[in-house]
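Asker: The following file, work_5.txt, comprises compact mmCIF, C-alpha atoms:
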```
# COMPACT_ATOMS: atom_id res chain seq x y z
CA MET A 1 4.45 -2.95 -45.82
CA PRO A 2 3.44 -6.03 -43.77
CA ASP A 3 3.39 -5.50 -40.02
CA VAL A 4 5.82 -8.36 -39.42
CA ILE A 5 8.41 -6.62 -41.58
CA ILE A 6 7.87 -3.32 -39.81
CA ALA A 7 8.34 -5.01 -36.43
CA ALA A 8 11.64 -6.49 -37.54
CA MET A 9 13.08 -3.23 -38.91
CA PRO A 10 15.75 -1.51 -36.76
CA ASP A 11 15.13 1.92 -35.31
CA ALA A 12 17.46 4.88 -35.83
CA ALA A 13 19.76 3.67 -33.04
CA GLY A 14 20.12 0.25 -34.61
CA THR A 15 17.86 -1.55 -32.15
CA PRO A 16 15.26 -3.90 -33.65
CA ALA A 17 11.85 -2.30 -33.34
CA SER A 18 10.49 -5.44 -31.69
CA ALA A 19 12.91 -4.85 -28.80
CA VAL A 20 11.77 -1.26 -28.23
CA PRO A 21 8.81 -1.14 -25.81
CA ARG A 22 5.79 0.77 -27.06
CA LEU A 23 3.25 2.72 -25.02
CA ASP A 24 -0.45 2.88 -25.67
CA ARG A 25 -3.61 3.81 -23.79
CA ALA A 26 -3.61 0.46 -22.01
CA ASN A 27 -0.51 1.57 -20.11
CA ARG A 28 -2.11 4.67 -18.64
CA PRO A 29 -3.96 3.05 -15.71
CA GLY A 30 -0.76 1.33 -14.61
CA ALA A 31 1.20 4.55 -15.02
CA LEU A 32 -1.29 6.45 -12.87
CA LEU A 33 -1.12 3.75 -10.21
CA TRP A 34 2.67 3.97 -10.08
CA ALA A 35 2.57 7.77 -10.02
CA SER A 36 0.15 7.68 -7.08
CA SER A 37 3.05 6.39 -4.96
CA VAL A 38 3.58 10.06 -4.14
CA GLN A 39 0.98 9.54 -1.41
CA PHE A 40 3.65 7.61 0.52
CA PHE A 41 5.71 10.75 1.03
CA ILE A 42 2.68 12.92 1.75
CA ALA A 43 1.52 10.48 4.43
CA GLN A 44 4.94 10.56 6.07
CA ALA A 45 4.92 14.35 6.25
CA VAL A 46 1.41 14.44 7.68
CA ALA A 47 2.03 11.68 10.25
CA GLN A 48 5.31 13.31 11.27
CA SER A 49 3.56 16.65 11.83
CA ALA A 50 1.31 15.05 14.44
CA TRP A 51 4.14 13.67 16.58
CA THR A 52 4.08 14.81 20.18
CA THR A 53 7.85 14.41 20.56
CA PRO A 54 10.67 15.55 18.26
CA PHE A 55 10.97 13.39 15.13
CA SER A 56 14.40 12.90 13.61
CA LEU A 57 15.00 11.87 10.02
CA ARG A 58 18.45 10.76 11.15
CA TRP A 59 17.44 8.56 14.07
CA ASN A 60 13.79 7.58 13.65
CA PHE A 61 12.74 4.78 11.33
CA ILE A 62 10.01 5.36 8.77
CA SER A 63 8.10 2.59 10.52
CA ASP A 64 8.10 4.62 13.75
CA LEU A 65 5.37 6.67 12.08
CA GLY A 66 3.20 3.54 12.01
CA ASN A 67 3.97 2.50 15.60
CA THR A 68 0.62 2.07 17.37
CA ALA A 69 1.75 2.84 20.96
CA CYS A 70 3.13 5.83 22.79
CA ALA A 71 6.03 4.25 24.64
CA PRO A 72 9.78 3.70 24.45
CA TYR A 73 10.73 1.80 21.31
CA PRO A 74 12.51 -0.55 21.15
CA PRO A 75 11.12 -1.52 24.57
CA GLY A 76 13.46 -0.46 27.35
CA SER A 77 15.30 2.07 25.18
CA GLN A 78 15.49 5.82 25.74
CA THR A 79 13.78 6.55 22.42
CA PHE A 80 10.14 7.52 22.98
CA VAL A 81 7.85 6.87 20.03
CA CYS A 82 4.37 8.39 19.73
CA SER A 83 2.60 8.68 16.37
CA PRO A 84 -1.05 9.70 16.86
CA TRP A 85 -1.73 9.26 13.16
CA HIS A 86 -0.18 5.81 12.90
CA ALA A 87 -3.31 4.53 11.12
CA LEU A 88 -2.65 6.98 8.27
CA MET A 89 0.93 5.73 7.88
CA ASN A 90 0.01 2.06 8.00
CA GLY A 91 -2.77 2.75 5.52
CA SER A 92 -0.20 4.41 3.27
CA PHE A 93 1.97 1.28 3.34
CA LEU A 94 -1.05 -0.79 2.33
CA MET A 95 -2.06 1.67 -0.37
CA LEU A 96 1.44 1.50 -1.80
CA ALA A 97 1.15 -2.29 -1.99
CA LEU A 98 -2.25 -2.06 -3.67
CA THR A 99 -0.91 0.32 -6.32
CA ILE A 100 2.45 -1.39 -6.98
CA LEU A 101 1.03 -4.86 -7.65
CA PRO A 102 -1.60 -4.04 -10.31
CA GLY A 103 0.47 -1.16 -11.67
CA THR A 104 3.38 -3.49 -12.34
CA LEU A 105 1.11 -5.98 -14.09
CA LEU A 106 -0.44 -3.29 -16.29
CA LEU A 107 2.94 -1.79 -17.20
CA ARG A 108 4.75 -5.03 -18.01
CA ARG A 109 4.61 -4.33 -21.77
CA ALA A 110 6.08 -0.84 -21.29
CA PHE A 111 9.48 -2.41 -20.59
CA PRO A 112 11.73 -4.29 -23.00
CA PRO A 113 10.95 -7.97 -23.54
CA GLY A 114 13.25 -10.57 -22.08
CA ALA A 115 14.06 -12.44 -18.90
CA LEU A 116 15.93 -9.55 -17.27
CA ALA A 117 12.99 -7.15 -17.39
CA ARG A 118 10.54 -9.87 -16.37
CA ALA A 119 12.65 -10.73 -13.33
CA GLY A 120 12.86 -7.04 -12.43
CA LEU A 121 9.09 -6.65 -12.63
CA VAL A 122 8.55 -9.72 -10.44
CA LEU A 123 10.89 -8.30 -7.81
CA VAL A 124 9.11 -4.94 -7.88
CA ALA A 125 5.77 -6.71 -7.43
CA LEU A 126 7.20 -8.69 -4.50
CA ALA A 127 8.35 -5.41 -2.96
CA GLY A 128 4.71 -4.35 -3.09
CA ALA A 129 3.84 -7.42 -1.05
CA GLY A 130 6.57 -6.37 1.38
CA TYR A 131 4.87 -3.02 1.90
CA ALA A 132 1.67 -4.89 2.71
CA LEU A 133 3.44 -6.84 5.47
CA VAL A 134 4.86 -3.62 6.91
CA GLY A 135 1.41 -2.00 6.98
CA VAL A 136 -0.46 -4.98 8.41
CA PHE A 137 2.17 -5.74 11.06
CA PRO A 138 3.44 -2.51 12.68
CA GLU A 139 6.89 -2.76 14.25
CA ASN A 140 5.59 -2.83 17.83
CA VAL A 141 2.80 -5.33 17.13
CA ASN A 142 4.57 -8.16 15.29
CA LEU A 143 8.19 -7.45 14.43
CA PRO A 144 9.25 -10.63 12.50
CA PRO A 145 6.79 -10.22 9.57
CA HIS A 146 7.38 -6.47 9.68
CA LYS A 147 11.12 -6.99 9.27
CA LEU A 148 10.53 -9.56 6.52
CA GLY A 149 8.40 -7.07 4.61
CA ALA A 150 11.06 -4.37 4.99
CA ALA A 151 13.78 -6.77 3.80
CA VAL A 152 11.74 -7.67 0.72
CA GLN A 153 11.36 -3.97 -0.07
CA PHE A 154 14.98 -3.04 0.43
CA VAL A 155 16.54 -5.99 -1.38
CA GLY A 156 13.88 -7.01 -3.89
CA GLY A 157 12.69 -3.50 -4.73
CA ASN A 158 16.14 -2.04 -5.29
CA LEU A 159 17.36 -5.08 -7.20
CA GLY A 160 14.19 -5.02 -9.29
CA ILE A 161 14.53 -1.43 -10.46
CA ALA A 162 18.26 -1.93 -11.08
CA MET A 163 17.44 -4.89 -13.34
CA LEU A 164 14.78 -2.89 -15.17
CA GLY A 165 17.32 -0.12 -15.70
CA LEU A 166 19.81 -2.59 -17.13
CA ALA A 167 17.15 -4.07 -19.39
CA MET A 168 16.34 -0.61 -20.77
CA ILE A 169 20.02 0.15 -21.26
CA ARG A 170 20.47 -3.07 -23.25
CA ALA A 171 17.43 -2.23 -25.39
CA ARG A 172 18.58 1.40 -25.81
CA ALA A 173 15.20 2.49 -24.51
CA ARG A 174 14.52 5.61 -22.41
CA PRO A 175 18.14 6.36 -21.45
CA GLY A 176 17.26 8.87 -18.74
CA MET A 177 14.86 6.52 -16.99
CA ALA A 178 17.25 3.61 -17.48
CA ALA A 179 20.10 5.50 -15.82
CA TRP A 180 17.93 6.59 -12.89
CA PHE A 181 16.61 3.09 -12.30
CA GLY A 182 20.07 1.56 -12.47
CA VAL A 183 21.89 4.10 -10.31
CA SER A 184 19.18 4.51 -7.67
CA GLY A 185 18.63 0.76 -7.41
CA ALA A 186 22.36 0.16 -6.94
CA ALA A 187 22.53 2.97 -4.35
CA GLY A 188 19.60 1.44 -2.49
CA LEU A 189 21.31 -1.95 -2.38
CA VAL A 190 24.54 -0.42 -1.05
CA ALA A 191 22.58 1.52 1.57
CA THR A 192 20.79 -1.67 2.59
CA ALA A 193 24.13 -3.44 3.10
CA LEU A 194 25.45 -0.51 5.14
CA LEU A 195 22.26 -0.38 7.21
CA VAL A 196 22.46 -4.07 8.05
CA SER A 197 26.16 -3.80 8.94
CA GLY A 198 25.51 -0.82 11.25
CA ARG A 199 27.54 1.65 9.18
CA PHE A 200 25.57 4.84 8.81
CA LEU A 201 28.30 7.18 7.46
CA GLY A 202 27.17 10.04 9.68
CA LEU A 203 23.60 9.90 8.35
CA GLY A 204 22.17 8.09 11.37
CA ILE A 205 20.23 4.86 11.20
CA GLY A 206 17.12 6.69 9.98
CA GLY A 207 18.98 8.53 7.26
CA MET A 208 20.59 5.35 5.93
CA GLU A 209 17.26 3.55 6.06
CA ARG A 210 15.70 6.23 3.88
CA ILE A 211 18.44 5.92 1.27
CA ALA A 212 17.67 2.20 1.19
CA ALA A 213 13.88 2.64 1.16
CA TYR A 214 13.24 5.59 -1.12
CA PRO A 215 14.70 4.56 -4.53
CA LEU A 216 11.76 2.28 -5.35
CA PRO A 217 8.85 4.67 -4.64
CA VAL A 218 10.72 7.59 -6.25
CA ALA A 219 11.38 5.47 -9.35
CA LEU A 220 7.72 4.49 -9.50
CA ILE A 221 6.57 8.11 -9.25
CA LEU A 222 8.94 9.31 -11.98
CA ALA A 223 8.27 6.38 -14.30
CA GLY A 224 4.52 6.59 -13.75
CA ALA A 225 4.48 10.29 -14.57
CA ALA A 226 6.58 9.70 -17.69
CA PHE A 227 4.44 6.80 -18.92
CA ALA A 228 1.20 8.68 -18.21
CA ARG A 229 2.25 11.40 -20.64
```
Show this structure as structure tokens.

Answerer:
Amino acid sequence: MPDVIIAAMPDAAGTPASAVPRLDRANRPGALLWASSVQFFIAQAVAQSAWTTPFSLRWNFISDLGNTACAPYPPGSQTFVCSPWHALMNGSFLMLALTILPGTLLLRRAFPPGALARAGLVLVALAGAGYALVGVFPENVNLPPHKLGAAVQFVGGNLGIAMLGLAMIRARARPGMAAWFGVSGAAGLVATALLVSGRFLGLGIGGMERIAAYPLPVALILAGAAFAR
């Protein structure tokens, strides 16, 4: 049977085969890059273990781990920040950027075709650039580009994975991954709005920040592991 006819045939769920993304060996490098995002969480745990003062997941920002000084932060506040292994954390931000950008390019064909998925992938790639800004400009060194990078992550990254989830739902592809992408991306966007408005719902500013920041790297780890198989 000619390949063009096979491509046009519907699958068992009634979705045209051309709309169902296929995986091949070319996807594996991108999948491994996405899965390597796990280093982001390992770096946080290691940098946190080296703190000379108590570290609170509720009240300390993730970026406090990359703060290069031992001093009150913000300046003049009663919160003392001291992260001896700040270089490790800032390197982790940069490593995340360097894995997200090429990983997203290599995995673009693993998602359904169409404008929705393409837009989602572009936003995820831009979130990678945001991580680069955060790593290059620690919060106490140059705050404006640091905040810009964080905003790109929180808004662009969460919106991107939510759009990818919706694209997979429309294509009836990978329902479990689609649901996780959609729900976690939406939760990250809501958490971002609450964080900006100063409503922490008892989680503290650090806790709400993590709900806003973690959906993207967790989605990358899970998707990368799934695609690598």

Asker: Which of these residues is nearest to Leu133 (chain A), using all atoms listed in the file: A:Pro84, A:Gly160, A:Pro102, A:Gly149?

Answerer: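 When distances to Leu133 (chain A) are compared using all atoms listed in the file, the smallest one comes from A:Gly149.
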
Asker: Please build the interface table for region 106-168 of chain A against region 87-96 of chain A with a cut-off of 10 Å, listing for each qualifying residue the nearest atom pair and the distance in Å to one decimal; count only C-alpha atoms, order rows by chain and increasing number, and write it as CSV.

Answerer:
```
residue,atom,partner,partner_atom,distance
A:Ala127,CA,A:Leu96,CA,9.8
A:Gly128,CA,A:Leu96,CA,6.8
A:Ala129,CA,A:Leu94,CA,8.9
A:Gly130,CA,A:Phe93,CA,9.1
A:Tyr131,CA,A:Phe93,CA,5.4
A:Ala132,CA,A:Leu94,CA,4.9
A:Leu133,CA,A:Leu94,CA,8.2
A:Val134,CA,A:Phe93,CA,6.7
A:Gly135,CA,A:Asn90,CA,4.4
A:Val136,CA,A:Asn90,CA,7.1
A:Phe137,CA,A:Asn90,CA,8.7
A:Pro138,CA,A:Asn90,CA,7.4
```

Asker: Just checking: using all atoms listed in the file, which residue out of A:Ala162, A:Val124, A:Ala97, A:Val46 ends up closest to Trp85 (chain A)?

Answerer: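 Distance minimum relative to Trp85 (chain A) lands on A:Val46.
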
Asker: Quick one: pull the distance between CA of Val183 (chain A) and CA of Gly66 (chain A), Å, one decimal.

Answerer: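 A separation of 29.1 Å between them.
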
Asker: Closest to Arg118 (chain A) among A:Ala71, A:Met168, A:Val196, A:Val152, using all atoms listed in the file?

Answerer: A:Met168

Asker: How many Å lie between CA of Gln48 (chain A) and CA of Gly224 (chain A), rounded to one decimal?

Answerer: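 The value is 25.9 Å.
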
Asker: Which residue, A:Ala225, A:Ala173, A:Val122, A:Leu195, has the smallest gap to Leu159 (chain A) when you use all atoms listed in the file?

Answerer: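 Selected residue with least distance to Leu159 (chain A): A:Val122.
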
Asker: A:Leu98, A:Val190, A:Leu216, A:Ala110: which is nearest Gly156 (chain A), counting only C-alpha atoms?

Answerer: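 Nearest candidate to Gly156 (chain A) out of A:Leu98, A:Val190, A:Leu216, A:Ala110: A:Leu216.
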
Asker: Measuring between only C-alpha atoms, which one of A:Phe111, A:Phe80, A:Phe154, A:Phe40 shows the shortest distance to Val218 (chain A)?

Answerer: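 Closest residue, counting only C-alpha atoms: A:Phe40.
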